[in-house]
Amino acid sequence: MRVFYNIVFTLAVPFILLRLLWRGTKASAYFKRWDERFAITLPSVNKSKSVIWVHAVSMGEVEACRPLVAAIQSTYPEHQILITTMTPTGSTRVKALYADNVIHCYLPYDLPVIMRRFIQAIQPVFGVIMETELWPNLIHHCRKQNIPLVLANARMSERSLKDYQRIPSLTREILQSFTVIAAQAQQDRERFIELGADRDKVHAVGNLKFEVNLSPTIVEQAEAIRSMWGNRSVFIAASTHEGEDEIILNASRQIRAQVPDLLLIIVPRHPERFDKVAALCQRAGFKILRRSENGLCRSDIQILVIDSMGELPIFYACSDIAFVGGSLVPTGGHNILEPAALSRPVIVGPHVFNFAEITQQFITAQAAIQVDNAEMLATTVIELLKNPPKRTAMGEAGQQLIKQSQGGSQRLLNLIKYNIHV
């Protein structure tokens with residue numbers, strides 16, 4: 001099966017390059033650093049110091065692994081940390097968080113020669129792969145070189161389970177190559193075991209994304225911004241995807257009919273959509289301001305489009321209510337923990353399969369509300385804007401749930417120390 005995988009992947013390389021070119025037309029960062037993606041340029045590790053390698057595919061995984069990386073740095077201070085990502089947004093976040101305190105590069109494509117060259121160059125004492133990045137050649141070459149691997153914050157949805165069951169022998173081989181699989185929840189643990197993972201190696205340690213670590217200056221920055229807006233009602237729609245912005249704009253019209261001073265903040269998920277979303281809002285007849293314009297958000301501004309990176313927590317803190325996107329369209333949703341950590345009531349759409357368990361926990365705790373369409377979204381926002389005590393209660397319930405669910409990073413670190421002798 002791995003031979004078949006390699007043939008298919010090799011044949012797909014021209015299409016992968018075309019996709020990079022296409023994405024580069026939307027975000028120029030995709031035109032750059034191709035040498036890293038093909039292991040032509042390798043990370044400049046210090047040969048006199050051992051490497052601990054953490055792979056976090058994109059920005060969400062980089063954020064999730066922050067407490068774990070901090071714990072690794074504290075526990076193994078004599079080692080150097082290499083963090084790999086696969087997206088420009090993830091890369092940008094690594095550089096912003098760590099500067100020169102870690103080594104960073106893109107993870108090369110999972111082709112046999114390329115991945116062997118990469119693994120031989122870095123020679124980590126162990127590797128941590130965030131979420132469920134199951135790359136067969138990466139894992140195969142680590143196993144051949146006796147490099148222990150940890151699958152961290154691992155989740156396995158019902159849909160993914162069925163997909164992996166179509167290639168049972170390859171999936172079993174991959175999962176049995178891990179020294180530790182740290183699943184987010186017991187349900188994830190059982191699914192990994194069902195796919196062939198060794199029961200003794202799979203542990204439910206909790207979701208590392210509960211380890212929310214927001215700067216104390218965020219609230220101060222938000223208060224300064226909010227003071228310039230006056231006493232307006234503010235609703236944020238964050239991490240929106242293609243097809244979702246139109247639904248939100250329709251809902252905002254209904255909300256504004258009852259809450260005329262509404263300020264809608266839209267934060268597109270991907271930088272390449274900033275211009276498109278701003279144009280969409282203008283065509284729909286709204287008076288907009290783009291964050292990059294650094295202009296004053298006057299009382300006649302109806303929509304503030306956040307076309308910058310790294311500022312989402314600040315604008316969550318500026319809002320009264322937070323909708324988390326990727327959930328009104330079948331993308332699977334995004335992390336609801338940041339707005340919850342800032343005591344904001346959270347709204348999501350019906351498509352939350354990427355964060356199904358977390359979302360259900362918040363709904364059960366009455367810290368989040370799930371809606372199906374623009375009409376339900378509008379009705380819910382209107383109700384919450386007119387009911388400050390309910391907003392407060394939802395925010396407090398969310399904070400309490402986060403506090404109760406933390407500790408996963410320490411449990412994972414304990415497993416690493418027990419199972420991997422560095």
# chains A, B, ... in the order shown; residues from 1 in each chain; ligands from 1
call {"tool": "residues_around", "arguments": {"residues": "Pro339 of chain A", "least_positions_apart": "5", "cutoff": "8 Å", "atoms": "only C-alpha atoms", "output": "list in words"}}
result
Pro313, Tyr316, Ala317, Ala322, Arg344, Pro345 and Val346 of chain A
call {"tool": "write_last_selection", "arguments": {"atoms": "N, CA, C and O atoms", "output": "short mmCIF file (atom, residue, chain, number, x, y, z; two decimals), in the first residue's frame"}}
result
data_model
loop_
_atom_site.label_atom_id
_atom_site.label_comp_id
_atom_site.auth_asym_id
_atom_site.auth_seq_id
_atom_site.Cartn_x
_atom_site.Cartn_y
_atom_site.Cartn_z
N PRO A 313 -7.73 37.66 18.50
CA PRO A 313 -8.11 37.71 19.92
C PRO A 313 -8.50 39.12 20.38
O PRO A 313 -9.43 39.27 21.20
N TYR A 316 -12.00 39.68 19.16
CA TYR A 316 -12.94 38.91 19.99
C TYR A 316 -13.24 39.69 21.26
O TYR A 316 -14.39 39.80 21.69
N ALA A 317 -12.18 40.25 21.87
CA ALA A 317 -12.35 40.99 23.12
C ALA A 317 -13.11 42.29 22.91
O ALA A 317 -13.69 42.83 23.86
N ALA A 322 -19.67 36.43 19.71
CA ALA A 322 -18.75 35.89 18.70
C ALA A 322 -19.37 34.71 17.96
O ALA A 322 -19.79 33.73 18.58
N ARG A 344 -16.75 35.56 26.06
CA ARG A 344 -17.73 35.95 25.06
C ARG A 344 -18.69 34.79 24.79
O ARG A 344 -18.25 33.64 24.65
N PRO A 345 -19.99 35.07 24.70
CA PRO A 345 -20.93 34.02 24.27
C PRO A 345 -20.62 33.63 22.84
O PRO A 345 -20.33 34.49 22.00
N VAL A 346 -20.67 32.34 22.56
CA VAL A 346 -20.23 31.81 21.26
C VAL A 346 -21.42 31.25 20.49
O VAL A 346 -22.29 30.57 21.07
#
call {"tool": "closest_atom_pairs", "arguments": {"of": "segment 39-81 of chain A", "to": "segment 304-310 of chain A", "cutoff": "12 Å", "atoms": "only C-alpha atoms", "output": "tab-separated table"}}
result
residue	atom	partner	partner_atom	distance
A:Met59	CA	A:Gly310	CA	9.7
A:Gly60	CA	A:Gly310	CA	11.5
A:Glu63	CA	A:Gly310	CA	11.0
call {"tool": "write_last_selection", "arguments": {"atoms": "N, CA and C atoms", "output": "short mmCIF file (atom, residue, chain, number, x, y, z; two decimals), in the first residue's frame"}}
result
data_model
loop_
_atom_site.label_atom_id
_atom_site.label_comp_id
_atom_site.auth_asym_id
_atom_site.auth_seq_id
_atom_site.Cartn_x
_atom_site.Cartn_y
_atom_site.Cartn_z
N MET A 59 -1.74 27.43 11.53
CA MET A 59 -1.77 28.35 12.66
C MET A 59 -2.48 27.78 13.88
N GLY A 60 -3.59 27.06 13.65
CA GLY A 60 -4.34 26.50 14.77
C GLY A 60 -3.52 25.51 15.57
N GLU A 63 -0.79 27.31 17.61
CA GLU A 63 -1.36 27.86 18.85
C GLU A 63 -1.57 26.75 19.87
#
call {"tool": "atom_distance", "arguments": {"atom1": "atom CA of Val259 of chain A", "atom2": "atom CA of Ala393 of chain A"}}
result
21.4 Å
call {"tool": "residues_around", "arguments": {"residues": "segment 113-117 of chain A", "least_positions_apart": "6", "cutoff": "8 Å", "atoms": "only C-alpha atoms", "output": "ChimeraX atom specification"}}
result
/A:38-39,137-138,141
call {"tool": "write_last_selection", "arguments": {"atoms": "all heavy atoms", "output": "tab-separated table (two decimals), in the first residue's frame"}}
result
chain	number	residue	atom	x	y	z
A	38	PHE	N	10.75	20.78	-0.91
A	38	PHE	CA	11.36	19.64	-1.58
A	38	PHE	C	12.70	19.24	-0.94
A	38	PHE	O	13.47	18.50	-1.54
A	38	PHE	CB	11.53	19.94	-3.07
A	38	PHE	CG	10.23	19.97	-3.83
A	38	PHE	CD1	9.54	21.16	-4.00
A	38	PHE	CD2	9.68	18.80	-4.33
A	38	PHE	CE1	8.32	21.19	-4.68
A	38	PHE	CE2	8.47	18.82	-5.00
A	38	PHE	CZ	7.79	20.01	-5.18
A	39	ALA	N	12.93	19.75	0.27
A	39	ALA	CA	14.15	19.41	1.05
A	39	ALA	C	15.43	19.72	0.29
A	39	ALA	O	16.45	19.06	0.49
A	39	ALA	CB	14.12	17.95	1.49
A	137	ASN	N	5.45	8.17	4.60
A	137	ASN	CA	6.91	8.14	4.44
A	137	ASN	C	7.61	8.80	5.62
A	137	ASN	O	8.67	8.32	6.06
A	137	ASN	CB	7.32	8.81	3.12
A	137	ASN	CG	6.97	7.94	1.94
A	137	ASN	OD1	7.30	6.76	1.90
A	137	ASN	ND2	6.27	8.51	0.96
A	138	LEU	N	7.07	9.87	6.12
A	138	LEU	CA	7.63	10.50	7.31
A	138	LEU	C	7.72	9.48	8.45
A	138	LEU	O	8.77	9.31	9.07
A	138	LEU	CB	6.74	11.69	7.71
A	138	LEU	CG	7.12	12.54	8.92
A	138	LEU	CD1	6.45	13.91	8.81
A	138	LEU	CD2	6.70	11.90	10.23
A	141	HIS	N	10.25	6.47	7.71
A	141	HIS	CA	11.68	6.77	7.84
A	141	HIS	C	12.07	7.06	9.30
A	141	HIS	O	13.20	6.75	9.70
A	141	HIS	CB	12.08	7.92	6.92
A	141	HIS	CG	12.11	7.53	5.48
A	141	HIS	ND1	13.02	6.62	4.98
A	141	HIS	CD2	11.33	7.90	4.42
A	141	HIS	CE1	12.81	6.45	3.68
A	141	HIS	NE2	11.79	7.21	3.32
call {"tool": "select_by_dssp", "arguments": {"residues": "segment 131-303 of chain A", "states": "alpha helix (DSSP H)", "output": "PDB file with C-alpha atoms, in the first residue's frame"}}
result
ATOM      1  CA  PRO A 136       3.349   7.373   5.608  1.00  0.00           C
ATOM      2  CA  ASN A 137       6.908   8.142   4.443  1.00  0.00           C
ATOM      3  CA  LEU A 138       7.626  10.500   7.313  1.00  0.00           C
ATOM      4  CA  ILE A 139       6.564   7.850   9.800  1.00  0.00           C
ATOM      5  CA  HIS A 140       8.291   5.020   7.894  1.00  0.00           C
ATOM      6  CA  HIS A 141      11.681   6.768   7.844  1.00  0.00           C
ATOM      7  CA  CYS A 142      11.440   7.739  11.507  1.00  0.00           C
ATOM      8  CA  ARG A 143      10.747   4.106  12.356  1.00  0.00           C
ATOM      9  CA  LYS A 144      13.684   2.919  10.229  1.00  0.00           C
ATOM     10  CA  GLU A 158     -16.434   9.229  12.541  1.00  0.00           C
ATOM     11  CA  ARG A 159     -15.914  10.360   8.946  1.00  0.00           C
ATOM     12  CA  SER A 160     -12.113  10.045   9.192  1.00  0.00           C
ATOM     13  CA  LEU A 161     -12.490   6.621  10.779  1.00  0.00           C
ATOM     14  CA  LYS A 162     -14.418   5.377   7.748  1.00  0.00           C
ATOM     15  CA  ASP A 163     -11.830   6.888   5.383  1.00  0.00           C
ATOM     16  CA  TYR A 164      -8.895   5.199   7.146  1.00  0.00           C
ATOM     17  CA  PRO A 168      -6.569  -0.929   6.894  1.00  0.00           C
ATOM     18  CA  SER A 169      -3.085  -2.425   6.469  1.00  0.00           C
ATOM     19  CA  LEU A 170      -1.343   0.922   5.835  1.00  0.00           C
ATOM     20  CA  THR A 171      -3.280   2.625   8.639  1.00  0.00           C
ATOM     21  CA  ARG A 172      -2.395  -0.145  11.105  1.00  0.00           C
ATOM     22  CA  GLU A 173       1.278   0.029  10.128  1.00  0.00           C
ATOM     23  CA  ILE A 174       1.327   3.812  10.592  1.00  0.00           C
ATOM     24  CA  LEU A 175      -0.428   3.818  13.961  1.00  0.00           C
ATOM     25  CA  GLN A 186     -11.870   8.647  25.080  1.00  0.00           C
ATOM     26  CA  GLN A 187     -13.959   8.387  21.915  1.00  0.00           C
ATOM     27  CA  ASP A 188     -10.914   9.320  19.817  1.00  0.00           C
ATOM     28  CA  ARG A 189      -8.850   6.754  21.737  1.00  0.00           C
ATOM     29  CA  GLU A 190     -11.302   3.958  20.957  1.00  0.00           C
ATOM     30  CA  ARG A 191     -11.332   4.854  17.268  1.00  0.00           C
ATOM     31  CA  PHE A 192      -7.514   4.758  17.048  1.00  0.00           C
ATOM     32  CA  ILE A 193      -7.559   1.345  18.730  1.00  0.00           C
ATOM     33  CA  GLU A 194     -10.259   0.174  16.310  1.00  0.00           C
ATOM     34  CA  THR A 217      -2.569  43.082  27.179  1.00  0.00           C
ATOM     35  CA  ILE A 218      -5.310  41.845  24.825  1.00  0.00           C
ATOM     36  CA  VAL A 219      -8.122  43.147  27.015  1.00  0.00           C
ATOM     37  CA  GLU A 220      -6.333  46.473  27.462  1.00  0.00           C
ATOM     38  CA  GLN A 221      -5.882  46.855  23.698  1.00  0.00           C
ATOM     39  CA  ALA A 222      -9.520  45.897  23.114  1.00  0.00           C
ATOM     40  CA  GLU A 223     -10.790  48.403  25.655  1.00  0.00           C
ATOM     41  CA  ALA A 224      -8.778  51.169  23.991  1.00  0.00           C
ATOM     42  CA  ILE A 225     -10.229  50.293  20.578  1.00  0.00           C
ATOM     43  CA  ARG A 226     -13.769  49.853  21.869  1.00  0.00           C
ATOM     44  CA  SER A 227     -13.694  53.232  23.631  1.00  0.00           C
ATOM     45  CA  GLU A 244     -20.401  31.991   4.586  1.00  0.00           C
ATOM     46  CA  ASP A 245     -19.969  35.753   4.344  1.00  0.00           C
ATOM     47  CA  GLU A 246     -23.163  36.126   2.301  1.00  0.00           C
ATOM     48  CA  ILE A 247     -25.132  34.311   5.027  1.00  0.00           C
ATOM     49  CA  ILE A 248     -23.645  36.574   7.684  1.00  0.00           C
ATOM     50  CA  LEU A 249     -24.403  39.726   5.690  1.00  0.00           C
ATOM     51  CA  ASN A 250     -28.029  38.611   5.285  1.00  0.00           C
ATOM     52  CA  ALA A 251     -28.249  37.969   9.017  1.00  0.00           C
ATOM     53  CA  SER A 252     -26.699  41.376   9.777  1.00  0.00           C
ATOM     54  CA  ARG A 253     -29.472  43.109   7.827  1.00  0.00           C
ATOM     55  CA  GLN A 254     -32.072  41.397  10.012  1.00  0.00           C
ATOM     56  CA  ILE A 255     -30.144  42.240  13.176  1.00  0.00           C
ATOM     57  CA  ARG A 256     -29.702  45.878  12.155  1.00  0.00           C
ATOM     58  CA  ALA A 257     -33.465  46.215  11.678  1.00  0.00           C
ATOM     59  CA  GLN A 258     -33.798  45.848  15.461  1.00  0.00           C
ATOM     60  CA  PHE A 274      -9.402  39.757   2.381  1.00  0.00           C
ATOM     61  CA  ASP A 275      -9.971  41.751  -0.817  1.00  0.00           C
ATOM     62  CA  LYS A 276     -12.833  39.557  -1.979  1.00  0.00           C
ATOM     63  CA  VAL A 277     -14.744  39.830   1.305  1.00  0.00           C
ATOM     64  CA  ALA A 278     -14.255  43.603   1.458  1.00  0.00           C
ATOM     65  CA  ALA A 279     -15.564  43.915  -2.112  1.00  0.00           C
ATOM     66  CA  LEU A 280     -18.509  41.645  -1.312  1.00  0.00           C
ATOM     67  CA  CYS A 281     -19.522  43.847   1.620  1.00  0.00           C
ATOM     68  CA  GLN A 282     -19.307  46.994  -0.513  1.00  0.00           C
ATOM     69  CA  ARG A 283     -21.346  45.463  -3.344  1.00  0.00           C
TER      70      ARG A 283
END
call {"tool": "closest_residue", "arguments": {"among": "A:Ile416, A:Ile402, A:Leu296, A:Ile83", "to": "Ala99 of chain A", "atoms": "only C-alpha atoms"}}
result
A:Ile83
call {"tool": "residues_around", "arguments": {"residues": "Gln399 of chain A", "least_positions_apart": "2", "cutoff": "7 Å", "atoms": "only C-alpha atoms", "output": "list in words"}}
result
Ala340, Ala341, Ser343, Gly395, Glu396, Ala397, Leu401, Ile402 and Lys403 of chain A
